[in-house]
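File shown: my_file-v8.cif. Contents: mmCIF, C-alpha atoms.
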```cif
data_run
loop_
_atom_site.label_atom_id
_atom_site.label_comp_id
_atom_site.auth_asym_id
_atom_site.auth_seq_id
_atom_site.Cartn_x
_atom_site.Cartn_y
_atom_site.Cartn_z
CA MET A 137 32.67 28.61 -34.99
CA THR A 138 31.87 31.21 -32.37
CA GLU A 139 28.55 31.17 -30.60
CA VAL A 140 28.43 34.68 -29.23
CA ALA A 141 24.77 34.91 -28.35
CA SER A 142 23.58 32.91 -25.38
CA VAL A 143 22.63 29.38 -26.34
CA PRO A 144 18.96 28.77 -25.68
CA ASP A 145 18.11 25.69 -23.65
CA TYR A 146 16.38 24.06 -26.60
CA ALA A 147 19.55 24.19 -28.70
CA PRO A 148 20.05 21.05 -30.76
CA GLU A 149 23.35 19.26 -31.05
CA PRO A 150 25.90 21.84 -32.28
CA ARG A 151 27.31 19.54 -34.97
CA THR A 152 23.85 19.26 -36.54
CA VAL A 153 23.38 23.02 -36.59
CA ALA A 154 26.86 23.50 -37.97
CA LEU A 155 26.17 21.00 -40.76
CA ILE A 156 22.98 22.80 -41.79
CA ASP A 157 24.73 26.19 -41.75
CA LEU A 158 27.54 24.63 -43.77
CA LEU A 159 25.14 23.12 -46.33
CA ASP A 160 23.52 26.56 -46.77
CA ARG A 161 26.93 27.75 -47.84
CA VAL A 162 28.58 24.94 -49.77
CA LEU A 163 25.40 24.14 -51.74
CA ALA A 164 24.09 27.64 -52.32
CA GLY A 165 27.30 29.68 -52.02
CA GLY A 166 30.75 29.65 -53.52
CA VAL A 167 31.66 30.59 -57.05
CA VAL A 168 29.52 28.87 -59.63
CA ILE A 169 31.64 27.96 -62.63
CA SER A 170 30.71 25.23 -65.01
CA GLY A 171 33.03 22.31 -64.47
CA ASP A 172 33.34 19.49 -66.96
CA ILE A 173 31.03 17.34 -64.89
CA THR A 174 28.14 19.48 -63.75
CA LEU A 175 24.66 19.30 -62.45
CA SER A 176 22.36 21.87 -63.94
CA ILE A 177 21.43 24.75 -61.62
CA GLU A 178 17.87 23.51 -61.69
CA GLY A 179 19.11 20.05 -60.74
CA VAL A 180 21.10 21.44 -57.83
CA ASP A 181 17.99 23.14 -56.48
CA LEU A 182 16.15 19.86 -56.68
CA VAL A 183 18.98 18.13 -54.91
CA HIS A 184 18.88 20.83 -52.28
CA ILE A 185 15.22 20.21 -51.64
CA SER A 186 15.52 16.46 -51.50
CA LEU A 187 18.41 16.92 -49.13
CA ARG A 188 16.33 18.87 -46.74
CA ALA A 189 13.77 16.11 -46.81
CA LEU A 190 16.58 13.73 -45.99
CA VAL A 191 17.93 15.76 -43.12
CA THR A 192 14.42 16.08 -41.78
CA SER A 193 13.91 12.35 -41.90
CA MET A 194 17.22 11.90 -40.12
CA LEU A 195 16.12 14.19 -37.32
CA GLY A 196 12.83 12.36 -37.01
CA ASP A 197 9.22 13.54 -37.12
CA PRO A 198 8.14 16.24 -34.71
CA PRO A 199 5.96 15.08 -31.83
CA MET B 163 38.19 4.21 -65.30
CA THR B 164 39.62 3.38 -61.94
CA ASP B 165 41.55 5.96 -59.96
CA ASP B 166 42.16 9.69 -60.42
CA ALA B 167 39.42 9.98 -63.00
CA ALA B 168 38.90 13.68 -62.46
CA VAL B 169 39.88 16.79 -60.50
CA TRP B 170 37.79 18.32 -57.70
CA LEU B 171 38.08 22.12 -57.31
CA TYR B 172 37.91 23.63 -53.81
CA ALA B 173 38.99 27.22 -54.11
CA VAL B 174 40.99 29.75 -56.08
CA THR B 175 43.58 32.15 -54.70
CA ARG B 176 46.04 34.55 -56.22
CA GLY B 177 49.64 33.26 -56.36
CA PRO B 178 51.97 32.33 -54.77
CA GLU B 179 50.81 28.87 -53.82
CA PRO B 180 49.44 28.88 -50.25
CA GLY B 181 51.62 26.95 -47.80
CA GLY B 182 50.65 23.75 -46.07
CA LEU B 183 48.59 22.18 -48.86
CA ALA B 184 50.54 18.93 -48.63
CA ALA B 185 49.31 18.46 -45.07
CA LEU B 186 45.65 18.60 -46.13
CA SER B 187 43.42 15.79 -47.24
CA GLY B 188 40.34 16.49 -49.25
CA VAL B 189 37.23 14.71 -50.47
CA ALA B 190 37.49 10.94 -49.91
CA GLY B 191 40.83 11.55 -48.14
CA ALA B 192 42.70 12.45 -51.33
CA PRO B 193 45.86 14.59 -51.05
CA VAL B 194 45.38 18.27 -51.86
CA ARG B 195 47.58 20.10 -54.37
CA ALA B 196 47.83 23.32 -56.35
CA VAL B 197 47.42 23.97 -60.06
CA ALA B 198 48.70 27.38 -61.17
CA ALA B 199 47.93 29.49 -64.24
CA ALA B 200 47.40 33.15 -65.15
CA GLY B 201 48.73 34.33 -61.78
CA LEU B 202 46.07 32.30 -59.96
CA VAL B 203 46.26 29.09 -57.97
CA ALA B 204 43.50 26.48 -57.98
CA VAL B 205 43.38 24.21 -54.94
CA VAL B 206 42.34 20.75 -56.10
CA SER B 207 42.49 17.03 -55.41
CA SER B 208 42.04 14.02 -57.65
CA VAL B 209 38.81 12.10 -57.34
CA SER B 210 37.90 8.64 -58.51
CA SER B 211 35.20 7.87 -61.04
CA ALA B 212 32.86 7.22 -58.10
CA GLU B 213 32.86 10.95 -57.38
CA ALA B 214 33.17 12.14 -60.96
CA ASP B 215 30.25 10.47 -62.72
CA GLU B 216 27.27 12.81 -63.06
CA GLN B 217 24.69 10.12 -62.35
CA GLN B 218 26.66 8.86 -59.37
CA LEU B 219 27.22 12.41 -58.16
CA ARG B 220 23.52 13.12 -58.20
CA GLN B 221 22.86 10.01 -56.12
CA ASN B 222 25.72 10.84 -53.76
CA LEU B 223 24.35 14.32 -53.11
CA GLU B 224 21.16 12.75 -51.82
CA ASP B 225 23.06 10.39 -49.55
CA LEU B 226 23.30 12.25 -46.27
CA ASP B 227 26.39 10.44 -45.03
CA TRP B 228 28.27 11.13 -48.26
CA LEU B 229 27.05 14.71 -48.34
CA ALA B 230 27.97 15.46 -44.74
CA ALA B 231 31.44 13.93 -45.11
CA THR B 232 32.03 15.67 -48.44
CA ALA B 233 30.74 19.06 -47.28
CA ARG B 234 33.02 18.89 -44.23
CA ALA B 235 36.01 17.73 -46.30
CA HIS B 236 35.41 20.49 -48.87
CA ASP B 237 35.03 23.09 -46.13
CA ALA B 238 38.11 21.87 -44.23
CA VAL B 239 40.27 22.48 -47.31
CA VAL B 240 38.63 25.82 -48.12
CA GLY B 241 38.96 26.89 -44.47
CA ALA B 242 42.64 25.94 -44.28
CA VAL B 243 43.43 27.85 -47.48
CA THR B 244 41.42 30.85 -46.24
CA ARG B 245 43.66 31.06 -43.19
CA SER B 246 46.78 31.56 -45.31
CA ALA B 247 45.53 33.55 -48.32
CA THR B 248 42.52 35.49 -49.60
CA THR B 249 40.42 32.69 -50.99
CA VAL B 250 37.51 32.43 -53.38
CA PRO B 251 35.56 29.31 -52.35
CA VAL B 252 34.05 27.25 -55.14
CA ARG B 253 30.66 25.57 -54.86
CA ILE B 254 30.76 21.93 -53.85
CA ALA B 255 30.95 19.33 -56.67
CA THR B 256 32.71 21.46 -59.29
CA ILE B 257 34.72 18.84 -61.18
CA TYR B 258 37.10 18.95 -64.16
CA HIS B 259 38.55 16.22 -66.36
CA ASP B 260 42.20 17.06 -65.65
CA ASP B 261 44.71 19.73 -64.59
CA ASP B 262 44.86 21.17 -68.12
CA ARG B 263 41.15 21.96 -67.96
CA ILE B 264 41.70 23.65 -64.57
CA ARG B 265 44.43 25.82 -66.12
CA GLU B 266 42.12 26.72 -69.03
CA MET B 267 39.38 27.66 -66.56
CA LEU B 268 41.76 29.88 -64.53
CA THR B 269 42.91 31.64 -67.68
CA GLU B 270 39.38 32.12 -68.96
CA HIS B 271 38.07 33.60 -65.68
CA GLN B 272 41.28 35.40 -64.67
CA ALA B 273 39.73 38.88 -64.52
CA ALA B 274 36.65 37.79 -62.57
CA PHE B 275 38.66 35.81 -60.01
CA SER B 276 41.06 38.69 -59.59
CA ALA B 277 38.22 41.15 -59.00
CA THR B 278 36.66 38.77 -56.48
CA VAL B 279 39.96 38.36 -54.61
CA ASP B 280 40.20 42.17 -54.42
CA LEU B 281 36.70 42.40 -52.96
CA LEU B 282 37.38 39.69 -50.37
CA THR B 283 40.84 40.83 -49.26
CA GLY B 284 40.92 41.81 -45.58
CA ARG B 285 37.30 40.79 -45.09
CA THR B 286 35.55 37.86 -43.46
CA GLU B 287 32.08 36.35 -43.69
CA TRP B 288 29.99 36.18 -40.50
CA GLY B 289 26.58 34.59 -40.14
CA VAL B 290 23.70 35.88 -38.05
CA LYS B 291 20.57 33.87 -37.37
CA ALA B 292 17.57 35.29 -35.56
CA PHE B 293 14.82 33.27 -33.95
CA ALA B 294 11.49 34.60 -32.77
CA ALA B 295 11.96 34.43 -29.00
CA SER B 296 9.47 32.22 -27.23
CA ASN B 297 8.03 34.49 -24.53
CA GLY B 298 6.28 31.58 -22.86
CA SER B 299 3.02 33.53 -22.66
CA ASP B 300 0.52 30.78 -22.23
CA THR B 301 -2.91 32.36 -22.10
CA SER B 302 -4.45 29.64 -20.01
CA SER B 303 -7.23 31.09 -17.89
CA GLY B 304 -6.72 28.49 -15.20
CA GLU B 305 -10.45 28.29 -14.62
CA ALA B 306 -11.87 24.82 -14.46
CA VAL B 307 -14.80 24.41 -16.80
CA SER B 308 -16.66 21.24 -17.53
CA GLY B 309 -18.65 19.61 -20.28
CA GLU B 310 -19.55 21.41 -23.49
CA SER B 311 -18.22 24.76 -22.33
CA ALA B 312 -14.87 23.16 -21.59
CA GLY B 313 -14.53 22.10 -25.25
CA ARG B 314 -15.60 25.52 -26.43
CA ALA B 315 -13.28 27.25 -24.00
CA TYR B 316 -10.42 25.08 -25.23
CA LEU B 317 -11.08 25.99 -28.87
CA LEU B 318 -11.29 29.69 -28.09
CA ARG B 319 -8.11 29.54 -26.07
CA ARG B 320 -6.34 27.58 -28.79
CA ARG B 321 -7.42 30.08 -31.44
CA ALA B 322 -6.24 32.98 -29.31
CA GLN B 323 -2.89 31.25 -28.80
CA LEU B 324 -2.42 30.72 -32.53
CA ARG B 325 -3.36 34.30 -33.27
CA ALA B 326 -0.95 35.57 -30.60
CA ARG B 327 1.80 33.38 -31.99
CA GLU B 328 1.21 34.64 -35.53
CA ALA B 329 1.26 38.24 -34.34
CA ALA B 330 4.47 37.63 -32.38
CA GLU B 331 6.15 36.07 -35.41
CA HIS B 332 5.03 38.93 -37.64
CA LEU B 333 6.44 41.38 -35.15
CA ALA B 334 9.68 39.39 -34.86
CA ALA B 335 10.03 39.38 -38.66
CA GLY B 336 9.79 43.18 -38.63
CA HIS B 337 12.48 43.37 -35.98
CA ALA B 338 14.63 40.96 -38.00
CA ASP B 339 14.38 43.28 -41.03
CA ARG B 340 15.61 46.17 -38.92
CA VAL B 341 18.43 44.11 -37.40
CA HIS B 342 19.48 43.07 -40.91
CA ALA B 343 19.45 46.69 -42.08
CA GLU B 344 21.50 47.83 -39.10
CA LEU B 345 24.08 45.03 -39.43
CA GLY B 346 24.23 45.79 -43.14
CA THR B 347 25.59 49.26 -42.38
CA LEU B 348 28.59 47.61 -40.66
CA ALA B 349 29.23 45.26 -43.58
CA VAL B 350 30.67 45.62 -47.06
CA ALA B 351 28.00 43.29 -48.39
CA ALA B 352 25.06 41.39 -46.94
CA ARG B 353 23.00 38.47 -48.15
CA ARG B 354 19.95 36.68 -46.75
CA HIS B 355 19.75 32.91 -47.05
CA PRO B 356 16.32 31.28 -46.82
CA PRO B 357 15.44 30.67 -43.16
CA GLN B 358 16.07 27.10 -42.05
CA HIS B 359 13.03 25.00 -41.31
CA SER B 360 12.40 24.48 -37.62
CA ARG B 361 12.55 20.72 -38.14
CA LEU B 362 16.13 21.12 -39.34
CA THR B 363 17.19 23.51 -36.60
CA GLY B 364 15.53 21.32 -33.99
CA THR B 365 13.91 24.30 -32.29
CA ARG B 366 10.28 25.24 -31.90
CA ALA B 367 11.16 28.88 -32.40
CA SER B 368 10.86 29.98 -36.01
CA MET B 369 13.88 31.40 -37.74
CA VAL B 370 13.17 34.92 -38.99
CA LEU B 371 16.64 35.79 -40.24
CA ASN B 372 19.41 33.68 -41.78
CA ALA B 373 21.92 36.17 -43.11
CA ALA B 374 25.57 36.46 -44.04
CA TYR B 375 27.69 39.59 -43.82
CA LEU B 376 31.03 40.39 -45.40
CA VAL B 377 32.82 42.46 -42.77
CA ASP B 378 36.15 44.31 -42.84
CA ASP B 379 38.48 42.50 -40.44
CA THR B 380 39.12 45.83 -38.71
CA SER B 381 35.35 46.02 -37.94
CA ALA B 382 34.95 42.41 -36.81
CA ASP B 383 34.91 43.28 -33.09
CA ASP B 384 32.39 46.08 -33.64
CA PHE B 385 30.20 43.74 -35.61
CA ALA B 386 30.22 41.05 -32.92
CA ALA B 387 29.56 43.64 -30.21
CA THR B 388 26.63 45.04 -32.20
CA VAL B 389 25.10 41.58 -32.63
CA LYS B 390 25.35 41.11 -28.86
CA GLU B 391 23.86 44.53 -28.20
CA LEU B 392 20.96 43.97 -30.60
CA ASP B 393 20.33 40.58 -29.00
CA GLU B 394 20.00 42.26 -25.61
CA GLN B 395 17.92 45.19 -26.92
CA ARG B 396 15.44 43.18 -28.91
CA ALA B 397 13.55 40.97 -26.52
CA LEU B 398 11.52 39.47 -29.36
CA LEU B 399 14.60 38.00 -31.03
CA ASP B 400 17.30 35.51 -30.13
CA LEU B 401 20.36 36.33 -32.23
CA HIS B 402 23.16 33.89 -32.97
CA LEU B 403 26.48 34.86 -34.49
CA THR B 404 28.34 32.17 -36.44
CA GLY B 405 31.72 32.27 -38.06
CA PRO B 406 34.26 33.22 -39.15
CA TRP B 407 33.29 31.52 -42.42
CA PRO B 408 35.21 31.35 -45.68
CA PRO B 409 33.40 33.88 -47.91
CA TYR B 410 31.01 31.33 -49.46
CA SER B 411 28.09 33.76 -49.53
CA PHE B 412 30.02 36.50 -51.32
CA SER B 413 31.74 34.65 -54.13
CA ARG B 414 28.95 34.77 -56.67
CA ILE B 415 30.02 38.08 -58.13
CA ALA B 416 32.52 36.29 -60.35
CA GLU B 417 29.75 34.84 -62.49
CA VAL B 418 28.42 38.33 -63.16
CA SER B 419 31.70 39.78 -64.30
CA ALA B 420 32.92 36.57 -65.96
#
```
Output the file's structure as structure tokens, nothing else.
Amino acid sequence: MTEVASVPDYAPEPRTVALIDLLDRVLAGGVVISGDITLSIEGVDLVHISLRALVTSMLGDPP
Amino acid sequence: MTDDAAVWLYAVTRGPEPGGLAALSGVAGAPVRAVAAAGLVAVVSSVSSAEADEQQLRQNLEDLDWLAATARAHDAVVGAVTRSATTVPVRIATIYHDDDRIREMLTEHQAAFSATVDLLTGRTEWGVKAFAASNGSDTSSGEAVSGESAGRAYLLRRRAQLRAREAAEHLAAGHADRVHAELGTLAVAARRHPPQHSRLTGTRASMVLNAAYLVDDTSADDFAATVKELDEQRALLDLHLTGPWPPYSFSRIAEVSA
């Protein structure tokens, strides 16, 4: 991962940022083909939302 | 049901089998292998019933530790394959009963995968995120006021700050649209993801652009230079280039033509 632009001083831990960028892609990108064991598209969206809640709780409440 | 209950699909390439698969480990540390059919190669690993049960899978996806480890494992395999062949990444948690079902799937979607490989050949996905730059303009008057007028002054100041912030973000969003349009002219395809919430990014600055671009490898340097240039030109925005990524954001076309 290349960070070309200057990193602002409030930058969070790079691994966290990378994980969120990665989740954007592996959860919402990639070819969607129905496997034999699948979650409905609607279900995946729900999972996505609950995930974000989870990540937020991991990062803690804002001051 | 104990071991090897199902098959996890990472990516699809056109044959021959990409080298180095044996050195890779996938989800839950399982060895990675190839399943070939119809001139295509599926990169897969076996998963246990713990990963293959729909109910369990749903729970797992909400378990951050499992999700983070699995997303990284999935991406590590997709990334490694991308380095040796044009690769169509598959969305996380696409699971089949066995190798025969993988071969059926490859045969069924042969044309769509082939078309997608053609589109992706010689091209790479790059990410650009833009944040509304914090200009640090604090409109504090610096005048000491006391009593009732102090409270009123505070409220007025606070309201002015909020209004200024809203205006700045609106302006930044407009700049982000123009940046996206300009970068789009250097790309074969472009796609905007929803902006990430500031609580996830850990910044106070709001994200006004979260986009992915499919760029010809011959234009990659131009693209990076343009991002840098735009970052310097547009004082209202902080631009961040990420990548190279496997082409996750540009592999949805297969479902259209399937």
Next on the checklist: Suppose a student applies the PyMOL selection byres ((chain B) within 7 of (chain A)) to this structure; what residues should they get, written as a PyMOL selection string?
Outcome noted: chain B and resi 214+216+223-224+226+233+251-254+256-259+361-365+390+401-406+410-411+413-414+416-417
Item to check | Selection dump of the PyMOL selection byres ((chain B and resi 369-386) around 8), as a ChimeraX atom specification | outcome: /A:140 /B:284-294,331,334-335,338-339,342,345-346,348-360,367-368,387-390,403,409,411-412
With 8 Å as the threshold, what does the neighbourhood of (36.1, 11.9, -58.9) contain in terms of residues, counting only C-alpha atoms? Coordinates are those of the file; answer as a PDB file with C-alpha atoms, in the coordinates of the input.
```pdb
ATOM      1  CA  ASP B 166      42.160   9.690 -60.420  1.00  0.00           C
ATOM      2  CA  ALA B 167      39.420   9.980 -63.000  1.00  0.00           C
ATOM      3  CA  ALA B 168      38.900  13.680 -62.460  1.00  0.00           C
ATOM      4  CA  VAL B 169      39.880  16.790 -60.500  1.00  0.00           C
ATOM      5  CA  TRP B 170      37.790  18.320 -57.700  1.00  0.00           C
ATOM      6  CA  SER B 208      42.040  14.020 -57.650  1.00  0.00           C
ATOM      7  CA  VAL B 209      38.810  12.100 -57.340  1.00  0.00           C
ATOM      8  CA  SER B 210      37.900   8.640 -58.510  1.00  0.00           C
ATOM      9  CA  SER B 211      35.200   7.870 -61.040  1.00  0.00           C
ATOM     10  CA  ALA B 212      32.860   7.220 -58.100  1.00  0.00           C
ATOM     11  CA  GLU B 213      32.860  10.950 -57.380  1.00  0.00           C
ATOM     12  CA  ALA B 214      33.170  12.140 -60.960  1.00  0.00           C
ATOM     13  CA  ASP B 215      30.250  10.470 -62.720  1.00  0.00           C
ATOM     14  CA  ILE B 257      34.720  18.840 -61.180  1.00  0.00           C
TER      15      ILE B 257
END
```
Checklist entry - CA of Phe275 (chain B) and CA of Leu202 (chain B) are how many Å apart? => result 8.2 Å
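Between CA of Val279 (chain B) and CA of Ala247 (chain B) the separation is 9.7 Å.
CA of Ala326 (chain B) lies 15.3 Å from CA of Arg366 (chain B).
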Checklist entry - Applied to this file, what does the PyMOL selection byres ((chain B and resi 236-239) around 7) return in terms of residues, put as a ChimeraX atom specification? => result /B:172,186,188-189,232-235,240-243,254
Keeping only C-alpha atoms, write those residues as a JSON list (two decimals), keeping the file's coordinate frame.
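Result written to again-v4.json:
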```json
[["chain", "number", "residue", "atom", "x", "y", "z"],
["B", 172, "TYR", "CA", 37.91, 23.63, -53.81],
["B", 186, "LEU", "CA", 45.65, 18.60, -46.13],
["B", 188, "GLY", "CA", 40.34, 16.49, -49.25],
["B", 189, "VAL", "CA", 37.23, 14.71, -50.47],
["B", 232, "THR", "CA", 32.03, 15.67, -48.44],
["B", 233, "ALA", "CA", 30.74, 19.06, -47.28],
["B", 234, "ARG", "CA", 33.02, 18.89, -44.23],
["B", 235, "ALA", "CA", 36.01, 17.73, -46.30],
["B", 240, "VAL", "CA", 38.63, 25.82, -48.12],
["B", 241, "GLY", "CA", 38.96, 26.89, -44.47],
["B", 242, "ALA", "CA", 42.64, 25.94, -44.28],
["B", 243, "VAL", "CA", 43.43, 27.85, -47.48],
["B", 254, "ILE", "CA", 30.76, 21.93, -53.85]]
```
Next on the checklist: Show me the residues around (44.9, 17.6, -55.1) - criterion: an atom at most 7 Å away, all atoms listed in the file counted - as a ChimeraX atom specification.
Outcome noted: /B:192-196,205-208
Same residues, C-alpha atoms, saved as a short mmCIF file (atom, residue, chain, number, x, y, z; two decimals), keeping the file's coordinate frame:
```cif
data_model
loop_
_atom_site.label_atom_id
_atom_site.label_comp_id
_atom_site.auth_asym_id
_atom_site.auth_seq_id
_atom_site.Cartn_x
_atom_site.Cartn_y
_atom_site.Cartn_z
CA ALA B 192 42.70 12.45 -51.33
CA PRO B 193 45.86 14.59 -51.05
CA VAL B 194 45.38 18.27 -51.86
CA ARG B 195 47.58 20.10 -54.37
CA ALA B 196 47.83 23.32 -56.35
CA VAL B 205 43.38 24.21 -54.94
CA VAL B 206 42.34 20.75 -56.10
CA SER B 207 42.49 17.03 -55.41
CA SER B 208 42.04 14.02 -57.65
#
```
